[in-house]
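K.L.:
Please find target-v3.cif (mmCIF, C-alpha atoms and all ligand atoms) on the next line:
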```cif
data_query
loop_
_atom_site.label_atom_id
_atom_site.label_comp_id
_atom_site.auth_asym_id
_atom_site.auth_seq_id
_atom_site.Cartn_x
_atom_site.Cartn_y
_atom_site.Cartn_z
CA MET A 1 -22.53 -10.31 -5.45
CA ALA A 2 -21.98 -6.94 -7.10
CA ILE A 3 -18.34 -5.94 -7.52
CA TYR A 4 -17.38 -2.62 -9.07
CA LYS A 5 -14.93 -3.52 -11.86
CA PRO A 6 -15.71 -1.83 -15.20
CA GLU A 7 -13.26 -2.12 -18.16
CA THR A 8 -12.79 1.65 -18.24
CA VAL A 9 -13.70 4.36 -15.78
CA GLU A 10 -14.06 8.16 -15.84
CA CYS A 11 -12.50 9.88 -12.86
CA ASN A 12 -12.24 13.66 -12.51
CA GLY A 13 -12.82 14.02 -16.26
CA GLU A 14 -10.08 11.58 -17.31
CA THR A 15 -10.41 8.04 -18.67
CA PHE A 16 -8.63 5.09 -17.09
CA HIS A 17 -8.45 1.45 -18.20
CA VAL A 18 -7.81 -1.83 -16.34
CA TYR A 19 -4.14 -2.51 -15.64
CA ILE A 20 -4.18 -5.23 -12.94
CA THR A 21 -7.33 -7.36 -12.79
CA GLN A 22 -9.22 -8.42 -9.71
CA GLU A 23 -8.10 -12.03 -10.26
CA GLU A 24 -4.42 -11.02 -10.51
CA LEU A 25 -4.73 -8.92 -7.37
CA GLN A 26 -6.45 -11.64 -5.37
CA GLU A 27 -3.92 -14.27 -6.40
CA ARG A 28 -0.90 -12.13 -5.53
CA VAL A 29 -2.40 -10.90 -2.25
CA SER A 30 -3.08 -14.47 -1.12
CA GLU A 31 0.52 -15.49 -1.99
CA LEU A 32 1.85 -12.57 0.07
CA GLY A 33 -0.41 -13.52 2.99
CA GLU A 34 0.90 -17.09 2.92
CA GLU A 35 4.50 -15.88 2.77
CA LEU A 36 3.95 -13.60 5.78
CA SER A 37 2.20 -16.40 7.69
CA ARG A 38 5.26 -18.63 7.25
CA HIS A 39 7.74 -15.91 8.10
CA TYR A 40 5.94 -14.59 11.19
CA GLU A 41 4.70 -17.86 12.71
CA GLY A 42 4.86 -17.56 16.53
CA ARG A 43 5.89 -13.86 16.46
CA ASN A 44 2.47 -12.16 16.76
CA PRO A 45 3.33 -9.34 14.31
CA ILE A 46 1.52 -6.03 14.18
CA PHE A 47 0.48 -4.75 10.76
CA ILE A 48 0.62 -0.98 10.42
CA GLY A 49 -1.40 0.31 7.49
CA VAL A 50 -0.85 3.71 5.93
CA LEU A 51 -4.17 5.47 5.46
CA ASN A 52 -6.00 6.04 3.31
CA GLY A 53 -4.54 4.21 0.31
CA ALA A 54 -3.52 0.91 1.95
CA TYR A 55 -6.83 0.07 3.63
CA ILE A 56 -8.21 -2.28 0.97
CA PHE A 57 -4.91 -4.09 0.35
CA LEU A 58 -4.37 -4.49 4.10
CA SER A 59 -7.86 -5.82 4.76
CA ASP A 60 -7.57 -8.38 1.94
CA LEU A 61 -4.00 -9.29 2.94
CA MET A 62 -4.88 -9.92 6.60
CA ARG A 63 -7.56 -12.40 5.62
CA HIS A 64 -4.81 -14.56 4.12
CA VAL A 65 -2.63 -14.39 7.23
CA GLU A 66 -3.23 -17.58 9.20
CA ILE A 67 -1.34 -16.77 12.42
CA SER A 68 -2.17 -14.49 15.36
CA CYS A 69 -1.50 -10.85 14.53
CA GLU A 70 -2.71 -7.32 15.27
CA VAL A 71 -3.40 -4.21 13.21
CA ASP A 72 -3.08 -0.44 13.63
CA PHE A 73 -3.00 2.56 11.30
CA LEU A 74 -1.23 5.82 10.72
CA LYS A 75 -2.16 8.53 8.30
CA LEU A 76 0.00 10.73 6.12
CA SER A 77 -0.61 13.01 3.23
CA SER A 78 1.90 13.53 0.43
CA TYR A 79 -0.04 13.75 -2.82
CA GLY A 80 -2.72 16.37 -2.20
CA ASP A 81 -5.27 15.99 -4.98
CA GLU A 82 -2.73 15.96 -7.80
CA LYS A 83 -1.23 13.20 -9.94
CA VAL A 84 2.31 14.08 -8.89
CA SER A 85 3.76 13.93 -5.40
CA SER A 86 4.00 17.24 -3.54
CA GLY A 87 7.44 16.21 -2.26
CA GLU A 88 6.36 16.91 1.31
CA VAL A 89 5.03 14.50 3.90
CA THR A 90 2.50 15.66 6.50
CA ASP A 91 1.56 13.60 9.57
CA LEU A 92 -2.20 13.38 9.99
CA LYS A 93 -2.51 10.55 12.54
CA ASP A 94 0.01 8.48 14.55
CA ILE A 95 -0.44 4.84 15.62
CA ASP A 96 -2.12 4.12 18.97
CA ALA A 97 -0.37 0.79 19.67
CA ASP A 98 2.83 0.49 21.68
CA ILE A 99 5.24 -1.19 19.25
CA GLU A 100 8.30 -1.37 21.52
CA ASP A 101 9.84 -4.87 21.09
CA ARG A 102 7.13 -5.84 18.59
CA ASN A 103 7.54 -7.25 15.08
CA VAL A 104 6.14 -4.57 12.79
CA ILE A 105 4.98 -5.04 9.20
CA LEU A 106 4.45 -1.67 7.53
CA VAL A 107 1.82 -1.87 4.78
CA GLU A 108 1.72 0.63 1.90
CA ASP A 109 -0.44 0.80 -1.22
CA ILE A 110 2.31 2.15 -3.48
CA VAL A 111 5.92 3.30 -3.33
CA ASP A 112 6.60 6.05 -5.84
CA THR A 113 9.59 8.29 -4.98
CA GLY A 114 10.01 6.40 -1.70
CA LEU A 115 9.82 9.55 0.42
CA SER A 116 6.77 8.45 2.45
CA MET A 117 8.13 4.96 3.15
CA LYS A 118 11.51 6.32 4.24
CA TYR A 119 9.84 8.90 6.47
CA ILE A 120 7.54 6.35 8.14
CA VAL A 121 10.25 3.75 8.75
CA GLU A 122 12.45 6.38 10.43
CA LYS A 123 9.51 7.55 12.53
CA LEU A 124 8.62 3.98 13.62
CA GLN A 125 12.26 3.07 14.39
CA LYS A 126 12.22 5.71 17.14
CA LYS A 127 9.55 3.65 18.93
CA LYS A 128 12.08 0.79 19.28
CA PRO A 129 10.28 -2.15 17.65
CA ALA A 130 12.02 -5.55 17.65
CA SER A 131 11.89 -5.50 13.83
CA ILE A 132 10.32 -3.62 10.94
CA GLU A 133 9.62 -5.13 7.54
CA THR A 134 7.76 -3.38 4.76
CA ILE A 135 5.24 -4.55 2.20
CA THR A 136 3.81 -2.56 -0.67
CA LEU A 137 1.20 -3.67 -3.18
CA LEU A 138 2.79 -1.60 -5.97
CA HIS A 139 6.29 -0.31 -6.60
CA LYS A 140 7.10 2.26 -9.29
CA THR A 141 10.68 1.04 -9.52
CA GLU A 142 11.93 3.70 -11.93
CA ALA A 143 10.48 6.56 -9.88
CA THR A 144 12.08 5.61 -6.57
CA ARG A 145 14.79 8.06 -5.60
CA HIS A 146 14.94 7.62 -1.83
CA ASP A 147 16.78 4.76 -0.21
CA VAL A 148 13.98 2.44 0.98
CA GLN A 149 13.93 -1.10 2.27
CA LEU A 150 11.16 -3.08 0.51
CA ASP A 151 10.78 -6.60 1.86
CA TYR A 152 7.64 -7.70 0.01
CA VAL A 153 6.34 -6.21 -3.27
CA GLY A 154 3.08 -7.17 -4.94
CA PHE A 155 3.68 -5.78 -8.44
CA ARG A 156 6.46 -3.71 -10.02
CA ILE A 157 4.86 -1.09 -12.30
CA PRO A 158 6.01 1.76 -14.58
CA ALA A 159 6.08 5.34 -13.30
CA LEU A 160 2.50 6.12 -14.38
CA PHE A 161 -0.50 7.27 -12.35
CA VAL A 162 -2.81 4.47 -11.20
CA LEU A 163 -6.05 4.27 -9.22
CA GLY A 164 -8.47 1.76 -7.73
CA TYR A 165 -8.27 -0.92 -5.00
CA GLY A 166 -7.82 1.76 -2.32
CA LEU A 167 -5.84 4.23 -4.45
CA ASP A 168 -7.58 7.50 -5.30
CA TYR A 169 -7.50 10.34 -7.77
CA ALA A 170 -8.55 13.45 -5.82
CA GLN A 171 -10.32 11.09 -3.36
CA GLU A 172 -12.30 9.22 -6.02
CA GLY A 173 -11.88 5.69 -7.33
CA ARG A 174 -10.89 3.87 -4.13
CA ASN A 175 -13.91 1.56 -4.43
CA LEU A 176 -12.80 0.06 -7.76
CA ALA A 177 -11.94 -3.64 -7.35
CA GLN A 178 -9.04 -3.49 -9.85
CA ILE A 179 -6.04 -1.25 -10.57
CA TYR A 180 -6.57 1.23 -13.43
CA ILE A 181 -4.11 3.36 -15.40
CA LEU A 182 -4.60 6.57 -17.41
CA ASP A 183 -5.72 5.94 -21.02
CA GLY A 184 -2.96 6.24 -23.61
CA GLU A 185 -0.38 5.13 -21.08
P1 LIG A 201 6.06 8.55 -2.44
O1 LIG A 201 6.25 9.19 -1.11
O2 LIG A 201 6.69 7.17 -2.55
O3 LIG A 201 6.51 9.44 -3.57
O4 LIG A 201 4.52 8.41 -2.69
C1 LIG A 201 3.81 7.58 -1.91
C2 LIG A 201 2.34 7.96 -1.83
O5 LIG A 201 1.88 8.76 -2.93
C3 LIG A 201 1.56 6.69 -1.88
O6 LIG A 201 1.41 6.11 -0.61
C4 LIG A 201 0.26 7.14 -2.52
O7 LIG A 201 -0.60 7.61 -1.52
C5 LIG A 201 0.66 8.27 -3.44
N1 LIG A 201 0.85 7.81 -4.83
C6 LIG A 201 2.02 7.58 -5.48
N2 LIG A 201 1.83 7.18 -6.74
C7 LIG A 201 0.48 7.11 -6.90
C8 LIG A 201 -0.36 6.73 -8.02
O8 LIG A 201 0.05 6.36 -9.12
N3 LIG A 201 -1.70 6.78 -7.79
C9 LIG A 201 -2.23 7.17 -6.59
N4 LIG A 201 -3.55 7.17 -6.49
N5 LIG A 201 -1.47 7.54 -5.53
C10 LIG A 201 -0.13 7.50 -5.69
MG MG A 202 0.12 5.24 0.58
MG MG A 203 -3.84 9.87 -2.51
#
```
Using C-alpha cells, write down the structure that the file contains.

P.N.:
Amino acid sequence: MAIYKPETVECNGETFHVYITQEELQERVSELGEELSRHYEGRNPIFIGVLNGAYIFLSDLMRHVEISCEVDFLKLSSYGDEKVSSGEVTDLKDIDADIEDRNVILVEDIVDTGLSMKYIVEKLQKKKPASIETITLLHKTEATRHDVQLDYVGFRIPALFVLGYGLDYAQEGRNLAQIYILDGE
C-alpha cells in the first residue's frame, strides 16, 4: 500500500520536515477514539467536523469509535492562503443536521489563536444541543488568546506553522500522512 510520507517536502517553495510521524498520529488517534467510545456509550453523539482541515483526523478518529454515532460538517475560512491567521472568521457552510438535544463533539484539526473554535461553539450553542465537547488534533498552546474549552487534545505543539494530515499550506499538502513543520523551526 502506497502512503505519502516523505522525510521532507517542498510546498509552495518552502521546505518542511516531519514533526509528528504517522505511527504517533495513529496511536494517539486510536487512544482518543477509545476515550470517546467510553465517554459517549449509549448517547449516540454527533461529530461535527470543521472543513477542510479536520477531514482526515475525523475520518481516522471515527474508525476508532466503537459506539453508534453520526457525522456532519461545517466549513469556515480564517487563514486565507497565508501562514498567519487573518483574524477574521467567514462562514462558508453550516451543518445540515438538527442538533437540538443532541450530544455534539466538535472536531478541529488545530487550535491556534482559538478564534475559530470560540466562534463555532457560540454558533452551535444557539441550536440548543444537549451538550458540546470539543476535540482538536493539535493545540498551539502559547498562541491561544481566546477563551476556549478544549476537552480532548491530540498533541500540544509550539506556535509554528505545520502542514499535512489534512492541514494545508495554500491548499497543498493535505494528502501527507504525517505532520510537517517548516525547516529551521
Ligand atoms: P485560530 O482561529 O485558532 O487562530 O485558527 C484556527 C484555524 O487556522 C485552524 O482550524 C486551521 O485551519 C488554521 N491554522 C492554524 N494554525 C495552522 C497551521 O500551523 N497550519 C495550518 N495549515 N493551518 C493552521
Ligand atoms: Mg480547522
Ligand atoms: Mg487552511

K.L.:
Residues within 8 Å of (5.9, 0.1, 3.2), file coordinates, counting only C-alpha atoms: what are they? Give the list as a PDB file with C-alpha atoms, keeping the file's coordinate frame.

P.N.:
```
ATOM      1  CA  ILE A 105       4.980  -5.040   9.200  1.00  0.00           C
ATOM      2  CA  LEU A 106       4.450  -1.670   7.530  1.00  0.00           C
ATOM      3  CA  VAL A 107       1.820  -1.870   4.780  1.00  0.00           C
ATOM      4  CA  GLU A 108       1.720   0.630   1.900  1.00  0.00           C
ATOM      5  CA  ASP A 109      -0.440   0.800  -1.220  1.00  0.00           C
ATOM      6  CA  ILE A 110       2.310   2.150  -3.480  1.00  0.00           C
ATOM      7  CA  VAL A 111       5.920   3.300  -3.330  1.00  0.00           C
ATOM      8  CA  MET A 117       8.130   4.960   3.150  1.00  0.00           C
ATOM      9  CA  VAL A 121      10.250   3.750   8.750  1.00  0.00           C
ATOM     10  CA  GLU A 133       9.620  -5.130   7.540  1.00  0.00           C
ATOM     11  CA  THR A 134       7.760  -3.380   4.760  1.00  0.00           C
ATOM     12  CA  ILE A 135       5.240  -4.550   2.200  1.00  0.00           C
ATOM     13  CA  THR A 136       3.810  -2.560  -0.670  1.00  0.00           C
ATOM     14  CA  LEU A 150      11.160  -3.080   0.510  1.00  0.00           C
TER      15      LEU A 150
END
```

K.L.:
Hey, which residues sit close to ligand MG 202 (chain A)? Say within 10 Å, counting only C-alpha atoms and all ligand atoms, and write them as a list of chain:residue names.

P.N.:
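Going residue by residue within 10 Å of ligand MG 202 (chain A), we get A:Gly49, A:Val50, A:Leu51, A:Asn52, A:Gly53, A:Ala54, A:Tyr55, A:Lys75, A:Leu76, A:Ser77, A:Ser78, A:Tyr79, A:Val107, A:Glu108, A:Asp109, A:Ile110, A:Val111, A:Asp112, A:Ser116, A:Met117, A:Thr136, A:Leu137, A:Leu138, A:Gly166, A:Leu167, A:Asp168.
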
K.L.:
Go through A:Gly114, A:Lys128, A:Gly173, A:Thr141 one by one, measure the shortest atom-to-atom distance of each to ligand LIG 201 (chain A) using all atoms listed in the file, and give the residue with the smallest value.

P.N.:
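Smallest separation from ligand LIG 201 (chain A) among the options: A:Gly114.
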
K.L.:
Have a look at atom CA of A:Pro158 and atom C9 of ligand LIG 201 (chain A) and let me know their distance in Å, one decimal.

P.N.:
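Value for the atom CA of A:Pro158-atom C9 of ligand LIG 201 (chain A) distance: 12.7 Å.
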
K.L.:
Rounded to one decimal in Å, what is the spacing between atom CA of A:Tyr119 and atom N2 of ligand LIG 201 (chain A)?

P.N.:
15.5 Å

K.L.:
So how many Å separate atom CA of A:Val104 and atom CA of A:Leu124, to one decimal?

P.N.:
8.9 Å

K.L.:
Which residue, A:Ser68, A:Thr113, A:Thr8, A:Ser59, has the smallest gap to A:Pro45 when you use only C-alpha atoms?

P.N.:
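Using only C-alpha atoms, A:Pro45 sits closest to A:Ser68.
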
K.L.:
Taking (-12.1, -1.8, -11.0) as a centre in this file's frame and 6 Å as the limit, can you find every polymer residue with an atom that close, using all atoms listed in the file, and give them as a list in words?

P.N.:
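Nearby residues: Tyr4, Lys5, Pro6, Leu176, Ala177 and Gln178 of chain A.
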
K.L.:
Using all atoms listed in the file, can you tell me which of A:Val84, A:Leu36, A:Val153, A:Val148 comes closest to A:Glu66?

P.N.:
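Ranking A:Val84, A:Leu36, A:Val153, A:Val148 by distance to A:Glu66, first place goes to A:Leu36.
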
K.L.:
Can stretch 21-32 of chain A be brought up to N, CA, C and O atoms and written out as a compact mmCIF listing (two decimals), in the frame of the given file?

P.N.:
```
# COMPACT_ATOMS: atom_id res chain seq x y z
N THR A 21 -5.96 -6.89 -13.01
CA THR A 21 -7.33 -7.36 -12.79
C THR A 21 -7.56 -7.81 -11.36
O THR A 21 -6.62 -8.08 -10.60
N GLN A 22 -8.83 -7.96 -11.04
CA GLN A 22 -9.22 -8.42 -9.71
C GLN A 22 -8.62 -9.80 -9.42
O GLN A 22 -8.13 -10.06 -8.31
N GLU A 23 -8.64 -10.68 -10.44
CA GLU A 23 -8.10 -12.03 -10.26
C GLU A 23 -6.60 -11.98 -9.96
O GLU A 23 -6.10 -12.68 -9.09
N GLU A 24 -5.87 -11.15 -10.73
CA GLU A 24 -4.42 -11.02 -10.51
C GLU A 24 -4.13 -10.47 -9.12
O GLU A 24 -3.20 -10.93 -8.44
N LEU A 25 -4.92 -9.50 -8.70
CA LEU A 25 -4.73 -8.92 -7.37
C LEU A 25 -4.97 -9.97 -6.29
O LEU A 25 -4.15 -10.14 -5.39
N GLN A 26 -6.10 -10.67 -6.41
CA GLN A 26 -6.45 -11.64 -5.37
C GLN A 26 -5.41 -12.75 -5.27
O GLN A 26 -5.06 -13.18 -4.17
N GLU A 27 -4.90 -13.19 -6.43
CA GLU A 27 -3.92 -14.27 -6.40
C GLU A 27 -2.61 -13.82 -5.73
O GLU A 27 -2.07 -14.52 -4.86
N ARG A 28 -2.16 -12.63 -6.10
CA ARG A 28 -0.90 -12.13 -5.53
C ARG A 28 -1.05 -11.83 -4.04
O ARG A 28 -0.15 -12.13 -3.24
N VAL A 29 -2.18 -11.25 -3.66
CA VAL A 29 -2.40 -10.90 -2.25
C VAL A 29 -2.44 -12.17 -1.39
O VAL A 29 -1.87 -12.21 -0.30
N SER A 30 -3.04 -13.24 -1.92
CA SER A 30 -3.08 -14.47 -1.12
C SER A 30 -1.68 -15.08 -1.01
O SER A 30 -1.31 -15.58 0.04
N GLU A 31 -0.87 -14.99 -2.08
CA GLU A 31 0.52 -15.49 -1.99
C GLU A 31 1.30 -14.72 -0.92
O GLU A 31 2.04 -15.31 -0.14
N LEU A 32 1.13 -13.40 -0.91
CA LEU A 32 1.85 -12.57 0.07
C LEU A 32 1.41 -12.92 1.49
O LEU A 32 2.22 -13.00 2.41
```
